[in-house]
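**Student:** My structure is stored as structure-v4.cif, with mmCIF, C-alpha atoms.
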data_work
loop_
_atom_site.label_atom_id
_atom_site.label_comp_id
_atom_site.auth_asym_id
_atom_site.auth_seq_id
_atom_site.Cartn_x
_atom_site.Cartn_y
_atom_site.Cartn_z
CA MET W 27 -5.83 -66.99 -78.56
CA SER W 28 -5.28 -63.27 -77.91
CA GLU W 29 -2.12 -61.47 -78.99
CA THR W 30 0.87 -61.98 -76.70
CA PHE W 31 3.17 -59.19 -75.59
CA TYR W 32 6.70 -59.84 -74.31
CA GLY W 33 8.61 -57.83 -71.75
CA LEU W 34 11.78 -57.59 -69.69
CA THR W 35 12.11 -57.01 -65.95
CA LEU W 36 14.04 -53.99 -64.71
CA SER W 37 15.14 -55.27 -61.31
CA SER W 38 15.61 -52.26 -59.06
CA GLU W 39 16.91 -54.63 -56.38
CA LEU W 40 19.86 -55.77 -58.51
CA HIS W 41 20.87 -52.73 -60.55
CA PRO W 42 21.74 -49.04 -59.97
CA PRO W 43 19.55 -46.29 -61.46
CA ALA W 44 21.64 -45.49 -64.54
CA LEU W 45 21.87 -49.16 -65.55
CA LEU W 46 18.10 -49.55 -65.24
CA VAL W 47 17.60 -46.68 -67.70
CA GLU W 48 20.24 -48.14 -70.04
CA THR W 49 18.50 -51.52 -69.89
CA ALA W 50 15.11 -49.99 -70.71
CA VAL W 51 16.62 -48.35 -73.79
CA ALA W 52 18.27 -51.63 -74.81
CA ALA W 53 14.99 -53.51 -74.34
CA GLU W 54 13.23 -51.04 -76.63
CA GLU W 55 15.97 -51.45 -79.26
CA ALA W 56 15.72 -55.25 -78.93
CA GLY W 57 12.03 -55.16 -79.79
CA PHE W 58 10.47 -55.95 -76.42
CA ASP W 59 6.90 -54.69 -76.09
CA PHE W 60 7.29 -53.53 -72.50
CA VAL W 61 9.48 -53.37 -69.44
CA SER W 62 8.36 -53.79 -65.84
CA ILE W 63 10.19 -52.15 -62.94
CA SER W 64 9.83 -53.14 -59.30
CA ASP W 65 8.80 -50.70 -56.55
CA HIS W 66 10.73 -51.44 -53.37
CA PHE W 67 12.18 -49.46 -50.48
CA HIS W 68 14.66 -52.27 -49.73
CA PRO W 69 16.19 -55.12 -51.71
CA TRP W 70 15.32 -58.57 -50.41
CA ILE W 71 18.89 -59.30 -49.28
CA GLY W 72 21.97 -57.10 -48.96
CA GLU W 73 23.83 -58.94 -51.73
CA GLN W 74 21.35 -57.53 -54.25
CA GLY W 75 22.53 -54.09 -53.25
CA HIS W 76 20.09 -51.56 -54.76
CA SER W 77 16.67 -49.96 -54.37
CA PRO W 78 16.17 -46.64 -56.21
CA PHE W 79 12.94 -44.63 -55.95
CA VAL W 80 10.65 -45.89 -58.68
CA TRP W 81 8.92 -42.58 -59.42
CA THR W 82 12.26 -40.94 -60.19
CA MET W 83 13.19 -43.92 -62.36
CA LEU W 84 9.97 -43.62 -64.37
CA GLY W 85 10.69 -40.00 -65.21
CA ALA W 86 14.16 -40.92 -66.43
CA ILE W 87 12.90 -43.90 -68.46
CA ALA W 88 10.15 -41.76 -70.00
CA GLN W 89 12.74 -39.32 -71.32
CA ALA W 90 15.18 -42.00 -72.53
CA THR W 91 12.68 -44.17 -74.44
CA GLU W 92 10.21 -43.49 -77.23
CA SER W 93 7.76 -46.32 -77.74
CA ILE W 94 8.17 -49.15 -75.25
CA GLU W 95 5.40 -49.62 -72.69
CA VAL W 96 6.48 -49.25 -69.06
CA GLY W 97 4.82 -50.99 -66.13
CA VAL W 98 5.39 -50.98 -62.40
CA GLY W 99 5.23 -54.51 -61.08
CA VAL W 100 4.04 -53.80 -58.47
CA THR W 101 3.36 -50.89 -56.09
CA CYS W 102 1.83 -51.27 -52.65
CA PRO W 103 -0.24 -48.05 -52.45
CA ILE W 104 -1.64 -48.60 -48.96
CA VAL W 105 0.99 -48.00 -46.23
CA ARG W 106 4.35 -46.42 -47.06
CA MET W 107 2.82 -43.73 -49.27
CA HIS W 108 -0.75 -42.47 -49.04
CA PRO W 109 -3.02 -43.33 -52.01
CA ALA W 110 -3.53 -39.62 -52.74
CA ILE W 111 0.21 -39.16 -53.24
CA HIS W 112 0.28 -42.24 -55.45
CA ALA W 113 -2.60 -40.79 -57.49
CA GLN W 114 -0.49 -37.71 -58.23
CA ALA W 115 2.72 -39.70 -58.85
CA VAL W 116 1.04 -42.06 -61.31
CA ALA W 117 -0.72 -39.21 -63.10
CA THR W 118 2.61 -37.47 -63.63
CA ALA W 119 4.39 -40.64 -64.78
CA ALA W 120 1.55 -41.47 -67.16
CA THR W 121 1.64 -37.94 -68.56
CA LEU W 122 5.37 -38.21 -69.28
CA LEU W 123 4.99 -41.68 -70.80
CA ASP W 124 2.02 -40.48 -72.89
CA GLY W 125 -0.16 -43.57 -73.15
CA ARG W 126 2.49 -46.23 -72.49
CA PHE W 127 2.26 -46.62 -68.71
CA VAL W 128 0.66 -49.53 -66.82
CA TRP W 129 0.41 -49.54 -63.04
CA GLY W 130 0.48 -52.81 -61.13
CA VAL W 131 -0.68 -52.69 -57.51
CA GLY W 132 -0.76 -55.18 -54.66
CA THR W 133 -0.92 -55.60 -50.91
CA GLY W 134 2.83 -55.41 -50.50
CA GLU W 135 5.50 -56.78 -48.20
CA ASN W 136 6.36 -55.83 -44.65
CA LEU W 137 9.97 -55.50 -45.81
CA ASN W 138 9.11 -52.23 -47.56
CA GLU W 139 6.08 -50.98 -45.68
CA HIS W 140 7.27 -50.99 -42.05
CA VAL W 141 9.83 -48.23 -42.57
CA LEU W 142 7.73 -45.37 -41.16
CA GLY W 143 6.75 -47.36 -38.10
CA ASP W 144 3.25 -48.18 -39.34
CA ARG W 145 1.47 -51.36 -38.27
CA TRP W 146 1.66 -54.24 -40.76
CA PRO W 147 -1.99 -55.29 -41.09
CA PRO W 148 -3.17 -58.87 -41.67
CA THR W 149 -3.97 -59.96 -45.20
CA GLU W 150 -7.72 -59.36 -45.13
CA VAL W 151 -7.23 -55.81 -43.82
CA ARG W 152 -4.65 -55.06 -46.51
CA HIS W 153 -7.11 -56.23 -49.16
CA SER W 154 -9.72 -53.86 -47.76
CA MET W 155 -7.17 -51.04 -47.77
CA LEU W 156 -6.19 -51.77 -51.37
CA GLY W 157 -9.79 -51.76 -52.51
CA GLU W 158 -10.41 -48.37 -50.88
CA ALA W 159 -7.11 -47.03 -52.23
CA ILE W 160 -8.01 -47.95 -55.82
CA GLU W 161 -11.45 -46.36 -55.43
CA LEU W 162 -9.91 -43.17 -54.03
CA ILE W 163 -7.24 -42.97 -56.73
CA ARG W 164 -9.80 -43.33 -59.50
CA GLU W 165 -11.88 -40.58 -57.91
CA MET W 166 -8.85 -38.27 -57.80
CA TRP W 167 -8.16 -38.99 -61.46
CA THR W 168 -11.41 -37.24 -62.36
CA GLY W 169 -9.57 -33.95 -61.87
CA GLU W 170 -12.21 -32.76 -59.41
CA SER W 171 -11.53 -31.60 -55.87
CA VAL W 172 -11.87 -34.66 -53.65
CA THR W 173 -12.77 -34.98 -50.00
CA HIS W 174 -12.78 -38.57 -48.77
CA ARG W 175 -13.27 -39.90 -45.25
CA GLY W 176 -13.16 -43.65 -45.53
CA GLU W 177 -12.43 -46.61 -43.30
CA HIS W 178 -8.68 -46.40 -43.91
CA TYR W 179 -7.88 -43.05 -45.59
CA THR W 180 -8.76 -39.38 -45.32
CA VAL W 181 -8.33 -36.78 -48.06
CA GLU W 182 -9.46 -33.17 -47.79
CA ASP W 183 -9.93 -30.83 -50.76
CA ALA W 184 -7.29 -32.52 -52.92
CA ARG W 185 -7.16 -31.99 -56.67
CA ILE W 186 -4.75 -33.28 -59.32
CA PHE W 187 -4.16 -30.73 -62.06
CA ASP W 188 -1.80 -32.64 -64.38
CA LEU W 189 -3.62 -35.68 -65.72
CA PRO W 190 -2.64 -37.79 -68.73
CA LYS W 191 -4.74 -37.78 -71.88
CA THR W 192 -5.40 -41.48 -71.28
CA LEU W 193 -5.61 -42.80 -67.73
CA PRO W 194 -3.35 -45.80 -67.13
CA PRO W 195 -4.82 -49.21 -66.35
CA ILE W 196 -4.59 -50.40 -62.75
CA VAL W 197 -3.60 -54.07 -62.79
CA VAL W 198 -4.05 -55.89 -59.47
CA SER W 199 -1.56 -58.47 -58.23
CA ALA W 200 -3.00 -61.74 -56.94
CA TYR W 201 -1.69 -64.89 -55.28
CA GLY W 202 -4.98 -66.39 -54.13
CA GLU W 203 -8.74 -66.25 -54.47
CA MET W 204 -9.32 -63.16 -52.33
CA SER W 205 -6.93 -60.99 -54.36
CA ALA W 206 -8.12 -62.51 -57.67
CA GLU W 207 -11.65 -61.41 -56.77
CA LEU W 208 -10.39 -57.91 -55.94
CA ALA W 209 -8.61 -57.80 -59.30
CA ALA W 210 -11.84 -58.75 -61.05
CA GLU W 211 -13.89 -56.22 -59.09
CA ALA W 212 -11.59 -53.20 -58.92
CA GLY W 213 -8.78 -53.71 -61.43
CA ASP W 214 -8.23 -53.46 -65.16
CA GLY W 215 -6.26 -56.70 -65.29
CA LEU W 216 -4.48 -59.38 -63.26
CA TRP W 217 -0.79 -59.43 -62.27
CA ILE W 218 0.83 -62.71 -61.19
CA THR W 219 4.18 -64.47 -61.22
CA GLY W 220 4.84 -67.87 -62.76
CA HIS W 221 2.15 -70.27 -63.94
CA LYS W 222 -0.76 -69.71 -61.55
CA LYS W 223 -3.55 -71.16 -63.65
CA ASP W 224 -5.82 -71.48 -60.60
CA VAL W 225 -5.54 -67.74 -59.93
CA ILE W 226 -6.22 -66.86 -63.57
CA ASP W 227 -9.20 -69.20 -63.65
CA HIS W 228 -10.64 -67.71 -60.45
CA TYR W 229 -10.10 -64.20 -61.82
CA ARG W 230 -12.09 -65.10 -64.95
CA LYS W 231 -14.74 -66.93 -62.91
CA SER W 232 -15.11 -63.79 -60.75
CA GLY W 233 -15.82 -61.64 -63.80
CA GLY W 234 -12.34 -60.40 -64.60
CA SER W 235 -11.95 -59.69 -68.31
CA GLY W 236 -8.70 -57.72 -68.44
CA PRO W 237 -5.25 -58.82 -69.61
CA VAL W 238 -3.04 -61.05 -67.48
CA TRP W 239 0.57 -60.14 -66.73
CA THR W 240 3.07 -62.71 -65.46
CA GLN W 241 6.80 -62.70 -64.71
CA LEU W 242 9.00 -65.72 -65.46
CA THR W 243 12.40 -65.88 -63.77
CA VAL W 244 15.49 -67.19 -65.54
CA ALA W 245 19.25 -67.10 -65.00
CA TRP W 246 20.79 -67.30 -68.43
CA ASP W 247 24.52 -67.98 -68.61
CA PRO W 248 26.73 -69.91 -71.07
CA ASP W 249 27.67 -72.13 -68.13
CA LYS W 250 24.84 -73.74 -66.16
CA ASP W 251 26.83 -74.06 -62.93
CA SER W 252 27.68 -70.35 -63.06
CA ALA W 253 24.01 -69.54 -63.61
CA ILE W 254 22.97 -71.59 -60.57
CA GLU W 255 25.69 -70.02 -58.42
CA ARG W 256 24.67 -66.51 -59.44
CA ALA W 257 20.96 -67.14 -58.93
CA HIS W 258 21.61 -68.73 -55.53
CA ARG W 259 23.77 -65.77 -54.48
CA LEU W 260 21.53 -62.99 -55.82
CA TRP W 261 17.97 -64.36 -55.75
CA PRO W 262 17.58 -67.08 -53.08
CA ASN W 263 14.43 -65.36 -51.79
CA THR W 264 12.47 -66.87 -54.69
CA ALA W 265 12.54 -70.26 -52.93
CA LEU W 266 11.03 -69.06 -49.65
CA ALA W 267 7.69 -70.67 -48.93
CA GLY W 268 4.28 -69.42 -47.85
CA GLN W 269 3.80 -66.00 -46.28
CA LEU W 270 7.48 -65.38 -45.53
CA ALA W 271 7.96 -63.01 -48.48
CA ALA W 272 5.04 -60.87 -47.32
CA ASP W 273 5.64 -60.92 -43.58
CA LEU W 274 9.40 -60.93 -42.93
CA ARG W 275 10.30 -57.45 -41.76
CA THR W 276 13.93 -56.67 -42.55
CA VAL W 277 16.73 -57.44 -44.98
CA GLN W 278 18.45 -59.24 -42.10
CA ASN W 279 15.37 -61.43 -41.59
CA PHE W 280 15.50 -62.44 -45.26
CA GLU W 281 19.22 -63.10 -45.08
CA GLU W 282 18.62 -65.42 -42.15
CA ALA W 283 15.72 -67.16 -43.88
CA VAL W 284 17.56 -67.82 -47.15
CA THR W 285 20.33 -69.71 -45.37
CA MET W 286 17.89 -72.63 -45.66
CA VAL W 287 17.81 -72.33 -49.48
CA SER W 288 20.21 -74.63 -51.31
CA PRO W 289 21.56 -74.43 -54.88
CA SER W 290 19.36 -77.41 -55.75
CA ASP W 291 16.32 -75.45 -54.53
CA ILE W 292 17.31 -72.65 -56.89
CA GLU W 293 17.85 -75.03 -59.79
CA GLU W 294 14.31 -76.27 -59.24
CA ALA W 295 12.79 -72.78 -58.88
CA ILE W 296 14.64 -70.90 -61.65
CA LEU W 297 15.48 -71.86 -65.23
CA CYS W 298 19.28 -71.76 -65.17
CA GLY W 299 21.85 -72.08 -67.95
CA PRO W 300 22.19 -71.70 -71.72
CA ASP W 301 19.40 -73.99 -72.99
CA PRO W 302 16.60 -72.03 -74.69
CA GLY W 303 14.20 -74.99 -74.71
CA PRO W 304 12.96 -74.76 -71.11
CA VAL W 305 12.56 -70.98 -71.41
CA VAL W 306 10.48 -71.30 -74.57
CA ASP W 307 8.42 -74.07 -72.97
CA SER W 308 7.80 -71.90 -69.89
CA ILE W 309 6.62 -68.98 -72.03
CA VAL W 310 4.36 -71.23 -74.11
CA GLU W 311 2.85 -72.68 -70.93
CA ALA W 312 2.17 -69.15 -69.65
CA ARG W 313 0.38 -68.36 -72.91
CA GLU W 314 -1.67 -71.54 -72.75
CA ILE W 315 -2.97 -70.84 -69.24
CA GLY W 316 -4.14 -67.38 -70.31
CA ALA W 317 -1.31 -64.89 -69.77
CA ASP W 318 -0.99 -62.37 -72.57
CA HIS W 319 1.70 -60.06 -71.13
CA ILE W 320 4.70 -62.27 -70.35
CA TYR W 321 7.92 -60.74 -69.11
CA VAL W 322 11.24 -62.35 -68.29
CA PHE W 323 13.37 -61.56 -65.26
CA GLN W 324 17.03 -62.30 -65.95
CA VAL W 325 18.85 -62.80 -62.63
CA GLY W 326 21.97 -60.86 -63.53
CA ASN W 327 22.62 -58.00 -65.92
CA PRO W 328 20.47 -58.50 -69.07
CA LEU W 329 23.01 -56.49 -71.06
CA GLU W 330 25.66 -59.15 -70.52
CA GLY W 331 24.46 -61.64 -73.09
CA PHE W 332 20.82 -62.18 -72.23
CA LEU W 333 19.41 -59.79 -74.84
CA GLU W 334 21.39 -61.59 -77.55
CA PHE W 335 20.11 -64.92 -76.19
CA TRP W 336 16.55 -63.59 -76.40
CA ALA W 337 16.96 -62.25 -79.93
CA GLU W 338 18.76 -65.29 -81.35
CA GLU W 339 17.29 -68.22 -79.41
CA ILE W 340 13.97 -67.29 -77.78
CA LYS W 341 12.19 -64.76 -79.97
CA PRO W 342 12.42 -66.81 -83.20
CA ALA W 343 10.93 -69.83 -81.41
CA LEU W 344 7.95 -67.74 -80.29
#
Kindly present the structure from the file in structure tokens form.
**Tutor:**
Amino acid sequence: MSETFYGLTLSSELHPPALLVETAVAAEEAGFDFVSISDHFHPWIGEQGHSPFVWTMLGAIAQATESIEVGVGVTCPIVRMHPAIHAQAVATAATLLDGRFVWGVGTGENLNEHVLGDRWPPTEVRHSMLGEAIELIREMWTGESVTHRGEHYTVEDARIFDLPKTLPPIVVSAYGEMSAELAAEAGDGLWITGHKKDVIDHYRKSGGSGPVWTQLTVAWDPDKDSAIERAHRLWPNTALAGQLAADLRTVQNFEEAVTMVSPSDIEEAILCGPDPGPVVDSIVEAREIGADHIYVFQVGNPLEGFLEFWAEEIKPAL
């Protein structure tokens, strides 16, 4: 089995900018291998309360940390910001992080991508856009002047002057076979959530040989009932089914949809409470299905006890 790397989620939906930087520093001090920060324009629901600009956050985290790897999990580089602008943003972030940046990309959510009035394309069109975006970004990372007139994007005489010594990997998010095939074809790895063995298997079957990143969601608390209450209040969107997460348009739409989510739904979807056993079992399962970059999303502030829980109860068992 390949080496396993462990990380911590920096939830930009739940925490203000300064706390995200503080948490990244604490994660480095706690011995995590990496952190992953989300890239949203909006939180899922208003109760979450935050959504700072990820490219500003990456600059701050780069200056505050020394060795921990930093990933974005994940950016949608196809609608809200043009791929050429993303190519420059990532090049700058990777330069500042000096070999410790990983960029996750995916086809996004309408929640974040409708804000400029652009059409929200169907899934197959978004996959085509993402494939072209990745190709264009890699071309711009050559440092040459690029003119591109493709099916979805146009670039004229654009050149990036500040490039990192080592280009960051582009890891493609996948929830089904179509995106797993795109990850195998165009990406440097696969990004998933949970225990999607079928997606990993299809990625490998399609020729994908890169690392696999997955996020596992927990709500640690000394009191299980408090953990369930907090997770139900702050992260009910995790229990929404099907395409809702991708296609719902506004925070209000999500707030209406999650009224159907009960505390028992959350208890089933998220590992809640003080028991380390289920968390360890979940991580071991992720390893066994082929994930080698496993990061934990604590619903709540990780600085309020979770890092001690990780160091004392989880890490020794791994």
**Student:** Check which residues of stretch 226-255 of chain W sit at most 10 Å from stretch 296-303 of chain W using only C-alpha atoms, and return one row each with the closest pair of atoms and their distance in Å to one decimal, ordered by chain and rising number, as CSV.
**Tutor:**
residue,atom,partner,partner_atom,distance
W:Leu242,CA,W:Ile296,CA,8.6
W:Thr243,CA,W:Ile296,CA,5.9
W:Val244,CA,W:Leu297,CA,4.7
W:Ala245,CA,W:Cys298,CA,4.7
W:Trp246,CA,W:Gly299,CA,4.9
W:Asp247,CA,W:Gly299,CA,4.9
W:Pro248,CA,W:Pro300,CA,4.9
W:Asp249,CA,W:Gly299,CA,5.8
W:Lys250,CA,W:Gly299,CA,3.9
W:Asp251,CA,W:Gly299,CA,7.3
W:Ser252,CA,W:Gly299,CA,7.8
W:Ala253,CA,W:Cys298,CA,5.5
W:Ile254,CA,W:Cys298,CA,5.9
W:Glu255,CA,W:Cys298,CA,9.5
**Student:** Which is closest to W:Lys222 among W:Ile315, W:Met166, W:Ala343, W:Leu266, if we use all atoms listed in the file?
**Tutor:**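 Once distances to W:Lys222 are computed over all atoms listed in the file, the minimum belongs to W:Ile315.
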**Student:** For a quick check of understanding, using all atoms listed in the file, which of W:Ala88, W:Ile163, W:Val305, W:Val325 has the smallest distance to W:Ile104?
**Tutor:**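 Closest to W:Ile104 of all the choices is W:Ile163.
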**Student:** Which neighbours of stretch 41-53 of chain W fall inside 12 Å, counting all atoms listed in the file, when residues of the same chain fewer than 6 positions from it are skipped, and could you give them as a PyMOL selection string?
**Tutor:** chain W and resi 32-35+59-64+69+73-97+260+321-322+324-334+336-337
**Student:** How many Å lie between atom CA of W:Ile292 and atom CA of W:Asn279, rounded to one decimal?
**Tutor:** 19.1 Å
**Student:** So that I can check the surroundings of stretch 185-187 of chain W, please list as a list in words every protein, DNA and RNA residue that reaches within 8 Å of it, counting all atoms listed in the file and ignoring chain neighbours fewer than 2 positions away.
**Tutor:**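 Once the adjacent positions are removed, what remains is Gln114, Met166, Trp167, Gly169, Glu170, Ser171, Val172, Asp183 and Leu189 of chain W.
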**Student:** Would you mind telling me which residue in W:Asp224, W:Glu150, W:Glu177, W:Glu207 lies nearest to W:Leu162 when using all atoms listed in the file?
**Tutor:**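 Using all atoms listed in the file, W:Leu162 sits closest to W:Glu177.
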**Student:** Determine, counting only C-alpha atoms, which protein, DNA and RNA residues have an atom within 12 Å of an atom of W:Trp70; residues of the same chain fewer than 5 positions away are not included. Present the result as a ChimeraX atom specification.
**Tutor:** /W:37-40,64-65,75-77,135-138,259-264,266,270-272,274-284
**Student:** Run the PyMOL selection byres ((chain W and resi 124) around 10) mentally over the shown coordinates, then write out the matched residues as a list in words, using the chain letters and numbers from the document.
**Tutor:** Ala88, Glu92, Ser93, Glu95, Thr118, Ala119, Ala120, Thr121, Leu122, Leu123, Gly125, Arg126, Phe127, Pro190, Lys191, Thr192, Leu193 and Pro194 of chain W
**Student:** Just checking: using only C-alpha atoms, which residue out of W:Asp291, W:Val197, W:Gly220, W:Gly233 ends up closest to W:Glu311?
**Tutor:**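 Under the stated criterion, the closest residue is W:Gly220.
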**Student:** Could you please determine the separation between atom CA of W:Gly316 and atom CA of W:His66 in Å, to one decimal place?
**Tutor:**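 Rounded to one decimal, the two atoms are 27.6 Å apart.
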**Student:** Could you jot down the atom CA of W:His112 to atom CA of W:His68 separation for me, Å, one decimal place?
**Tutor:**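 Interatomic distance here is 18.4 Å.
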**Student:** Would you kindly translate the PyMOL selection byres ((chain W and resi 236) around 8) into the concrete residues it picks from this file, as a list of chain:residue names?
**Tutor:**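 So the PyMOL selection byres ((chain W and resi 236) around 8), applied here, picks out W:Asp214, W:Gly215, W:Leu216, W:Gly234, W:Ser235, W:Pro237, W:Val238.
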**Student:** For a quick check of your reading of the model, name the residues lying within 9 Å of the coordinate (4.9, -61.1, -60.4), counting all atoms listed in the file, and write them as an MDAnalysis selection string.
**Tutor:** chainID W and resid 99:100 199:200 217:220 239:242
**Student:** Which residue gives the smallest distance to W:Ala317 among W:Met107, W:Ala210, W:Ala267, W:Val225, with only C-alpha atoms counted?
**Tutor:** W:Val225
**Student:** Exactly which residues make up the result of the PyMOL selection byres ((chain W and resi 154) around 12) on this file, given as a ChimeraX atom specification?
**Tutor:** /W:104,132-133,147-153,155-161,176-179,204-205,207-208,212
